[in-house]
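Engineer: What follows is my_file-v3.cif; its format and atoms are mmCIF, C-alpha atoms.
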```cif
data_model
#
loop_
_atom_site.label_atom_id
_atom_site.label_comp_id
_atom_site.auth_asym_id
_atom_site.auth_seq_id
_atom_site.Cartn_x
_atom_site.Cartn_y
_atom_site.Cartn_z
CA MET A 1 -31.54 11.09 12.53
CA ASN A 2 -27.78 10.66 12.67
CA THR A 3 -25.28 10.91 15.46
CA TYR A 4 -22.54 13.46 14.95
CA GLU A 5 -19.28 14.24 16.65
CA HIS A 6 -18.32 17.89 16.80
CA THR A 7 -15.09 19.43 18.09
CA TYR A 8 -14.19 23.09 18.13
CA ILE A 9 -11.33 25.29 19.31
CA LEU A 10 -11.91 28.58 21.10
CA SER A 11 -9.31 31.32 21.27
CA GLN A 12 -6.90 31.76 24.15
CA ASN A 13 -7.90 35.29 25.11
CA LEU A 14 -11.38 34.47 26.42
CA ASN A 15 -12.38 34.69 30.10
CA GLN A 16 -14.08 31.88 31.94
CA LYS A 17 -17.36 33.79 31.57
CA ASP A 18 -17.04 34.21 27.82
CA LEU A 19 -16.11 30.57 27.42
CA LYS A 20 -19.30 29.51 29.17
CA ASP A 21 -21.39 31.89 27.10
CA ILE A 22 -20.16 30.51 23.79
CA ARG A 23 -20.51 26.91 24.93
CA THR A 24 -24.09 27.45 26.06
CA LYS A 25 -24.83 29.27 22.80
CA ILE A 26 -23.62 26.31 20.77
CA GLU A 27 -25.66 23.87 22.87
CA ASN A 28 -28.75 26.04 22.48
CA ILE A 29 -28.38 26.07 18.70
CA ILE A 30 -28.36 22.29 18.63
CA GLU A 31 -31.42 22.01 20.86
CA LYS A 32 -33.35 24.62 18.90
CA ASN A 33 -32.93 22.61 15.71
CA GLN A 34 -34.35 19.42 17.23
CA GLY A 35 -31.04 17.89 18.22
CA LYS A 36 -30.21 15.98 21.35
CA ILE A 37 -26.89 16.40 23.16
CA GLN A 38 -25.58 13.06 24.38
CA LYS A 39 -22.10 13.78 25.63
CA VAL A 40 -19.90 16.80 26.31
CA GLU A 41 -16.17 16.68 26.91
CA ASP A 42 -13.81 19.46 27.93
CA TRP A 43 -10.21 19.04 26.81
CA GLY A 44 -9.00 22.27 28.38
CA LEU A 45 -6.22 24.57 27.19
CA ARG A 46 -3.88 22.76 24.79
CA ASN A 47 -0.91 23.72 22.68
CA LEU A 48 -1.67 23.90 18.97
CA ALA A 49 0.61 21.98 16.62
CA TYR A 50 0.84 25.05 14.39
CA PRO A 51 -0.33 28.65 14.92
CA ILE A 52 -3.90 29.48 13.86
CA LYS A 53 -4.71 33.19 13.47
CA LYS A 54 -1.44 33.89 15.35
CA PHE A 55 -2.62 31.95 18.42
CA LYS A 56 -0.44 29.24 19.90
CA LYS A 57 -2.95 27.82 22.38
CA GLY A 58 -6.66 27.10 22.37
CA TYR A 59 -9.54 25.74 24.43
CA TYR A 60 -10.76 22.43 22.99
CA SER A 61 -14.22 21.01 23.54
CA ASN A 62 -16.07 18.04 22.10
CA ILE A 63 -19.81 17.30 21.70
CA PHE A 64 -21.71 14.18 20.66
CA PHE A 65 -25.25 14.86 19.51
CA SER A 66 -28.00 13.26 17.47
CA GLY A 67 -29.96 15.34 15.02
CA THR A 68 -30.64 16.21 11.42
CA VAL A 69 -28.48 17.93 8.83
CA ASN A 70 -30.24 21.19 9.61
CA ALA A 71 -28.73 21.32 13.09
CA VAL A 72 -25.23 20.86 11.67
CA PHE A 73 -25.85 23.54 9.06
CA GLU A 74 -26.98 26.12 11.63
CA LEU A 75 -24.09 25.24 13.97
CA GLU A 76 -21.42 25.71 11.35
CA LYS A 77 -23.06 28.89 10.12
CA PHE A 78 -22.70 30.40 13.61
CA GLU A 79 -19.13 29.22 14.03
CA ARG A 80 -17.94 30.64 10.72
CA ILE A 81 -19.17 34.09 11.70
CA ASP A 82 -17.86 34.08 15.30
CA GLU A 83 -14.27 35.28 15.53
CA ASN A 84 -13.49 33.47 18.77
CA VAL A 85 -13.97 30.02 17.18
CA LEU A 86 -10.67 29.11 15.58
CA ARG A 87 -11.50 25.71 14.10
CA PHE A 88 -14.31 23.16 14.03
CA LEU A 89 -14.95 19.70 12.62
CA THR A 90 -18.12 17.61 12.39
CA PHE A 91 -18.53 14.10 11.11
CA LYS A 92 -20.89 11.15 11.42
CA VAL A 93 -20.33 8.52 14.10
CA LYS A 94 -22.03 5.14 14.41
CA GLU A 95 -21.95 4.92 18.19
CA VAL A 96 -21.28 7.20 21.13
CA PRO A 97 -18.34 5.84 23.17
CA LYS A 98 -19.09 5.20 26.84
CA GLU A 99 -15.63 5.99 28.17
CA ASN A 100 -14.02 9.39 28.06
CA SER A 101 -11.16 9.92 25.64
CA GLU A 102 -7.56 10.30 26.74
CA LEU A 103 -7.55 14.01 26.02
CA CYS A 104 -10.45 14.68 28.38
CA LEU A 105 -9.62 16.48 31.62
CA LYS A 106 -10.31 14.54 34.79
CA MET B 1 9.17 -59.40 -8.42
CA ILE B 2 11.95 -58.78 -6.03
CA ARG B 3 14.33 -56.08 -6.74
CA LYS B 4 17.71 -57.03 -5.50
CA ASN B 5 19.71 -54.13 -6.61
CA PHE B 6 17.51 -51.53 -5.07
CA LYS B 7 19.26 -48.51 -3.79
CA LYS B 8 17.69 -45.75 -1.93
CA THR B 9 18.58 -42.42 -3.40
CA LYS B 10 18.67 -39.70 -0.87
CA LYS B 11 18.65 -36.07 -1.72
CA LYS B 12 21.68 -34.23 -0.63
CA LYS B 13 20.67 -31.67 1.91
CA ASN B 14 23.61 -29.40 1.85
CA SER B 15 24.08 -29.10 -1.84
CA ASN B 16 25.26 -25.93 -3.47
CA LEU B 17 21.86 -25.50 -5.09
CA MET B 18 20.41 -24.53 -1.72
CA LEU B 19 21.81 -21.09 -2.23
CA PHE B 20 19.49 -20.33 -5.11
CA GLN B 21 16.31 -21.69 -3.59
CA LYS B 22 13.86 -19.88 -1.38
CA PRO B 23 14.57 -20.05 2.34
CA VAL B 24 12.27 -22.30 4.38
CA ILE B 25 11.78 -19.81 7.19
CA LYS B 26 9.59 -16.90 6.18
CA PHE B 27 9.62 -13.62 8.00
CA LYS B 28 5.97 -12.99 8.77
CA ARG B 29 4.96 -9.87 10.58
CA GLU B 30 1.36 -9.43 11.56
CA CYS B 31 -0.47 -6.17 11.42
CA PRO B 32 -0.18 -4.43 14.80
CA LEU B 33 -3.56 -2.71 14.46
CA SER B 34 -5.80 -5.66 13.51
CA GLY B 35 -6.71 -8.71 15.55
CA LYS B 36 -7.74 -9.08 19.15
CA ASN B 37 -6.60 -6.56 21.76
CA ALA B 38 -5.57 -4.15 19.03
CA PRO B 39 -5.78 -0.45 19.92
CA MET B 40 -8.56 1.63 18.38
CA VAL B 41 -7.48 3.91 15.57
CA ASN B 42 -8.97 7.26 16.44
CA TYR B 43 -7.94 10.86 15.91
CA LYS B 44 -8.06 11.45 19.67
CA ASN B 45 -5.43 8.79 20.31
CA ILE B 46 -2.47 10.99 19.45
CA LYS B 47 0.22 8.82 21.01
CA LEU B 48 -0.67 5.95 18.67
CA LEU B 49 -0.82 8.14 15.57
CA GLN B 50 2.60 9.63 16.30
CA LYS B 51 4.18 6.19 15.88
CA TYR B 52 3.10 6.15 12.24
CA ILE B 53 4.46 9.59 11.40
CA SER B 54 8.01 10.49 10.46
CA GLU B 55 10.03 13.26 12.08
CA THR B 56 9.02 15.69 9.35
CA GLY B 57 5.32 14.93 9.86
CA LYS B 58 4.72 12.66 6.86
CA MET B 59 2.99 9.29 7.12
CA LEU B 60 5.19 6.19 7.10
CA PRO B 61 4.56 3.63 4.31
CA SER B 62 2.91 0.34 5.25
CA ARG B 63 5.85 -1.73 4.00
CA ILE B 64 7.88 -0.35 6.89
CA THR B 65 5.22 -0.50 9.59
CA SER B 66 3.51 -3.70 8.27
CA VAL B 67 0.03 -2.27 8.74
CA SER B 68 -2.68 -4.01 6.71
CA TYR B 69 -4.29 -2.34 3.70
CA SER B 70 -7.63 -1.59 5.34
CA LYS B 71 -6.07 -0.25 8.54
CA GLN B 72 -3.66 1.95 6.59
CA LYS B 73 -6.64 3.64 4.95
CA GLU B 74 -8.24 4.16 8.34
CA LEU B 75 -5.00 5.61 9.70
CA SER B 76 -4.67 8.12 6.88
CA SER B 77 -8.20 9.46 7.37
CA GLU B 78 -7.74 9.77 11.14
CA ILE B 79 -4.38 11.54 10.79
CA LYS B 80 -5.96 14.04 8.41
CA LYS B 81 -8.68 14.78 10.96
CA ALA B 82 -6.07 15.33 13.67
CA ARG B 83 -4.14 17.70 11.41
CA ILE B 84 -7.15 19.90 10.77
CA LEU B 85 -7.74 20.24 14.53
CA ALA B 86 -4.04 21.11 15.11
CA LEU B 87 -3.42 18.01 17.21
CA LEU B 88 -0.74 16.88 14.74
CA PRO B 89 1.46 19.05 12.51
CA PHE B 90 1.16 19.17 8.73
CA THR B 91 4.92 19.65 8.47
CA ASN B 92 7.63 19.69 11.10
CA ASP B 93 10.86 21.37 10.14
#
```
Can the structure in the file be given as structure tokens, please?
Structural biologist:
Amino acid sequence: MNTYEHTYILSQNLNQKDLKDIRTKIENIIEKNQGKIQKVEDWGLRNLAYPIKKFKKGYYSNIFFSGTVNAVFELEKFERIDENVLRFLTFKVKEVPKENSELCLK
Amino acid sequence: MIRKNFKKTKKKKNSNLMLFQKPVIKFKRECPLSGKNAPMVNYKNIKLLQKYISETGKMLPSRITSVSYSKQKELSSEIKKARILALLPFTND
């Protein structure tokens, strides 16, 4: 079991409903593959430093979870297929920070 | 034995040779990212990372910023993470 940090960017055109649907989908995928979600952060709508797929803005969100490699594999498989996910990044983390990051919305 | 004609020989302080010797005062600058109360190097801390990036978006060398070797490696990996997530630009024209 490792702890992972995962951030992803969703496209600007989505409604509030669609945003929730994708976020719950991603959390369900982690829990199906025997992962545990430890922390969720919402960074809100942010300007991108460079355009991705002709979008200039995107919804950022950040998840800390503990699980196996299988959970990461299934997560990234879903995100590559979905068109509304612009970017994602996962990497190992030793500890989950207690305080929220500066980018997190209050 | 008593030496009568004993003269103390003092070194001249302000001789011309001083010019070619190393200066006594050394300019030491400590690493701003290591030690106590140093800020955490993280890809989410964009304001800190932007100090170590030039106007065109390249990383600054450690001889200018006086960051230690280990912290410079940490910085470069965190900046690369931030670039992938479009928090920092790859290039800035």
Engineer: Mind giving me the straight-line distance from CA of Leu75 (chain A) to CA of Ile29 (chain A) in Å, one decimal?
Structural biologist: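 So the answer is 6.4 Å.
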Engineer: Expressed in Å to a single decimal, how great is the separation between CA of Lys80 (chain B) and CA of Gly67 (chain A)?
Structural biologist: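 Here the two named atoms are 24.9 Å from each other.
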Engineer: Which one of B:Phe20, B:Phe90, B:Tyr69, B:Tyr52 sits closest to chain A if you count all atoms listed in the file?
Structural biologist: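 Closest to chain A of all the choices is B:Phe90.
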Engineer: Check which residues of chain A sit at most 9 Å from chain B using all atoms listed in the file, and return one row each with the closest pair of atoms and their distance in Å to one decimal, ordered by chain and rising number, as JSON lines.
Structural biologist:
```
{"residue": "A:Thr7", "atom": "CA", "partner": "B:Leu85", "partner_atom": "CA", "distance": 8.2}
{"residue": "A:Tyr8", "atom": "CA", "partner": "B:Leu85", "partner_atom": "CA", "distance": 7.9}
{"residue": "A:Ile9", "atom": "CA", "partner": "B:Leu85", "partner_atom": "CA", "distance": 7.8}
{"residue": "A:Arg46", "atom": "CA", "partner": "B:Leu87", "partner_atom": "CA", "distance": 9.0}
{"residue": "A:Asn47", "atom": "CA", "partner": "B:Leu87", "partner_atom": "CA", "distance": 8.3}
{"residue": "A:Leu48", "atom": "CA", "partner": "B:Ala86", "partner_atom": "CA", "distance": 5.3}
{"residue": "A:Ala49", "atom": "CA", "partner": "B:Ala86", "partner_atom": "CA", "distance": 5.0}
{"residue": "A:Tyr50", "atom": "CA", "partner": "B:Ala86", "partner_atom": "CA", "distance": 6.3}
{"residue": "A:Pro51", "atom": "CA", "partner": "B:Ala86", "partner_atom": "CA", "distance": 8.4}
{"residue": "A:Ile52", "atom": "CA", "partner": "B:Ala86", "partner_atom": "CA", "distance": 8.5}
{"residue": "A:Arg87", "atom": "CA", "partner": "B:Leu85", "partner_atom": "CA", "distance": 6.7}
{"residue": "A:Phe88", "atom": "CA", "partner": "B:Leu85", "partner_atom": "CA", "distance": 7.2}
{"residue": "A:Leu89", "atom": "CA", "partner": "B:Leu85", "partner_atom": "CA", "distance": 7.5}
{"residue": "A:Ser101", "atom": "CA", "partner": "B:Lys44", "partner_atom": "CA", "distance": 6.9}
{"residue": "A:Glu102", "atom": "CA", "partner": "B:Asn45", "partner_atom": "CA", "distance": 6.9}
{"residue": "A:Leu103", "atom": "CA", "partner": "B:Lys44", "partner_atom": "CA", "distance": 6.9}
```
Engineer: Point out the residue among A:Met1, A:Ile26, A:Val69, A:Leu10 with the least atom-to-atom distance to Lys57 (chain A), counting only C-alpha atoms.
Structural biologist: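 Distance minimum relative to Lys57 (chain A) lands on A:Leu10.
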Engineer: Rounded to one decimal place, report the CA of Ile30 (chain A)-CA of Glu74 (chain A) distance in Å.
Structural biologist: 8.1 Å
Engineer: Step by step, gather every atom of region 59-63 of chain A that the file lists, find the box along x, y and z that holds them, add 8 Å on each side, and finally give centre and edge lengths in Å to one decimal, as JSON.
Structural biologist:
```
{"center_x": -14.7, "center_y": 21.5, "center_z": 23.1, "size_x": 26.3, "size_y": 24.4, "size_z": 18.7}
```
Engineer: Closest to Trp43 (chain A) among A:Val72, A:Val93, A:Cys104, A:Leu86, using all atoms listed in the file?
Structural biologist: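 Smallest distance to Trp43 (chain A) is found for A:Cys104.
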Engineer: If the PyMOL selection byres ((chain A and resi 64) around 10) is run on the structure shown, which residues does it catch, given as a list of chain:residue names?
Structural biologist: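 Applying the PyMOL selection byres ((chain A and resi 64) around 10) to the structure shown produces A:Thr3, A:Tyr4, A:Glu5, A:His6, A:Thr7, A:Lys36, A:Ile37, A:Gln38, A:Lys39, A:Val40, A:Glu41, A:Asn62, A:Ile63, A:Phe65, A:Ser66, A:Thr90, A:Lys92, A:Val93, A:Glu95, A:Val96, A:Pro97.
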Engineer: Run the PyMOL selection byres ((chain B and resi 72) around 10) against the file shown and list the residues it catches, as a list in words.
Structural biologist: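 Residues picked by the PyMOL selection byres ((chain B and resi 72) around 10): Cys31, Leu33, Val41, Tyr52, Met59, Leu60, Pro61, Ser62, Thr65, Ser66, Val67, Ser68, Tyr69, Ser70, Lys71, Lys73, Glu74, Leu75, Ser76, Ser77 and Glu78 of chain B.
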Engineer: Given the choices A:Glu99, A:Val85, A:Lys56, A:Lys94, which gets closest to Ile22 (chain A) if the distance is worked out from only C-alpha atoms?
Structural biologist: A:Val85
Engineer: Using only C-alpha atoms, can you tell me which of A:Asn33, A:Leu105, A:Lys17, A:Asn84 comes closest to Lys53 (chain A)?
Structural biologist: A:Asn84
Engineer: Please rebuild region 5-24 of chain A with N, CA and C atoms and give the result as a short mmCIF file (atom, residue, chain, number, x, y, z; two decimals), in the frame of the given file.
Structural biologist:
```
data_model
loop_
_atom_site.label_atom_id
_atom_site.label_comp_id
_atom_site.auth_asym_id
_atom_site.auth_seq_id
_atom_site.Cartn_x
_atom_site.Cartn_y
_atom_site.Cartn_z
N GLU A 5 -20.30 13.81 15.71
CA GLU A 5 -19.28 14.24 16.65
C GLU A 5 -18.78 15.61 16.19
N HIS A 6 -18.68 16.52 17.14
CA HIS A 6 -18.32 17.89 16.80
C HIS A 6 -17.26 18.38 17.77
N THR A 7 -16.13 18.84 17.24
CA THR A 7 -15.09 19.43 18.09
C THR A 7 -14.80 20.84 17.58
N TYR A 8 -14.51 21.72 18.52
CA TYR A 8 -14.19 23.09 18.13
C TYR A 8 -13.14 23.67 19.06
N ILE A 9 -12.39 24.65 18.55
CA ILE A 9 -11.33 25.29 19.31
C ILE A 9 -11.71 26.74 19.52
N LEU A 10 -11.65 27.18 20.78
CA LEU A 10 -11.91 28.58 21.10
C LEU A 10 -10.60 29.28 21.41
N SER A 11 -10.58 30.58 21.18
CA SER A 11 -9.31 31.32 21.27
C SER A 11 -8.85 31.45 22.72
N GLN A 12 -7.57 31.77 22.86
CA GLN A 12 -6.90 31.76 24.15
C GLN A 12 -7.29 32.95 25.02
N ASN A 13 -7.72 34.04 24.38
CA ASN A 13 -7.90 35.29 25.11
C ASN A 13 -9.18 35.36 25.93
N LEU A 14 -10.07 34.37 25.80
CA LEU A 14 -11.38 34.47 26.42
C LEU A 14 -11.30 34.26 27.93
N ASN A 15 -12.24 34.92 28.66
CA ASN A 15 -12.38 34.69 30.10
C ASN A 15 -13.16 33.40 30.33
N GLN A 16 -13.26 33.05 31.61
CA GLN A 16 -14.08 31.88 31.94
C GLN A 16 -15.56 32.16 31.67
N LYS A 17 -15.95 33.43 31.83
CA LYS A 17 -17.36 33.79 31.57
C LYS A 17 -17.68 33.66 30.08
N ASP A 18 -16.78 34.22 29.26
CA ASP A 18 -17.04 34.21 27.82
C ASP A 18 -17.02 32.80 27.26
N LEU A 19 -16.16 31.96 27.85
CA LEU A 19 -16.11 30.57 27.42
C LEU A 19 -17.45 29.89 27.65
N LYS A 20 -18.02 30.14 28.84
CA LYS A 20 -19.30 29.51 29.17
C LYS A 20 -20.40 30.01 28.25
N ASP A 21 -20.34 31.32 27.94
CA ASP A 21 -21.39 31.89 27.10
C ASP A 21 -21.41 31.26 25.71
N ILE A 22 -20.22 31.08 25.13
CA ILE A 22 -20.16 30.51 23.79
C ILE A 22 -20.57 29.05 23.80
N ARG A 23 -20.15 28.33 24.86
CA ARG A 23 -20.51 26.91 24.93
C ARG A 23 -22.01 26.71 25.10
N THR A 24 -22.64 27.58 25.91
CA THR A 24 -24.09 27.45 26.06
C THR A 24 -24.82 27.88 24.78
#
```
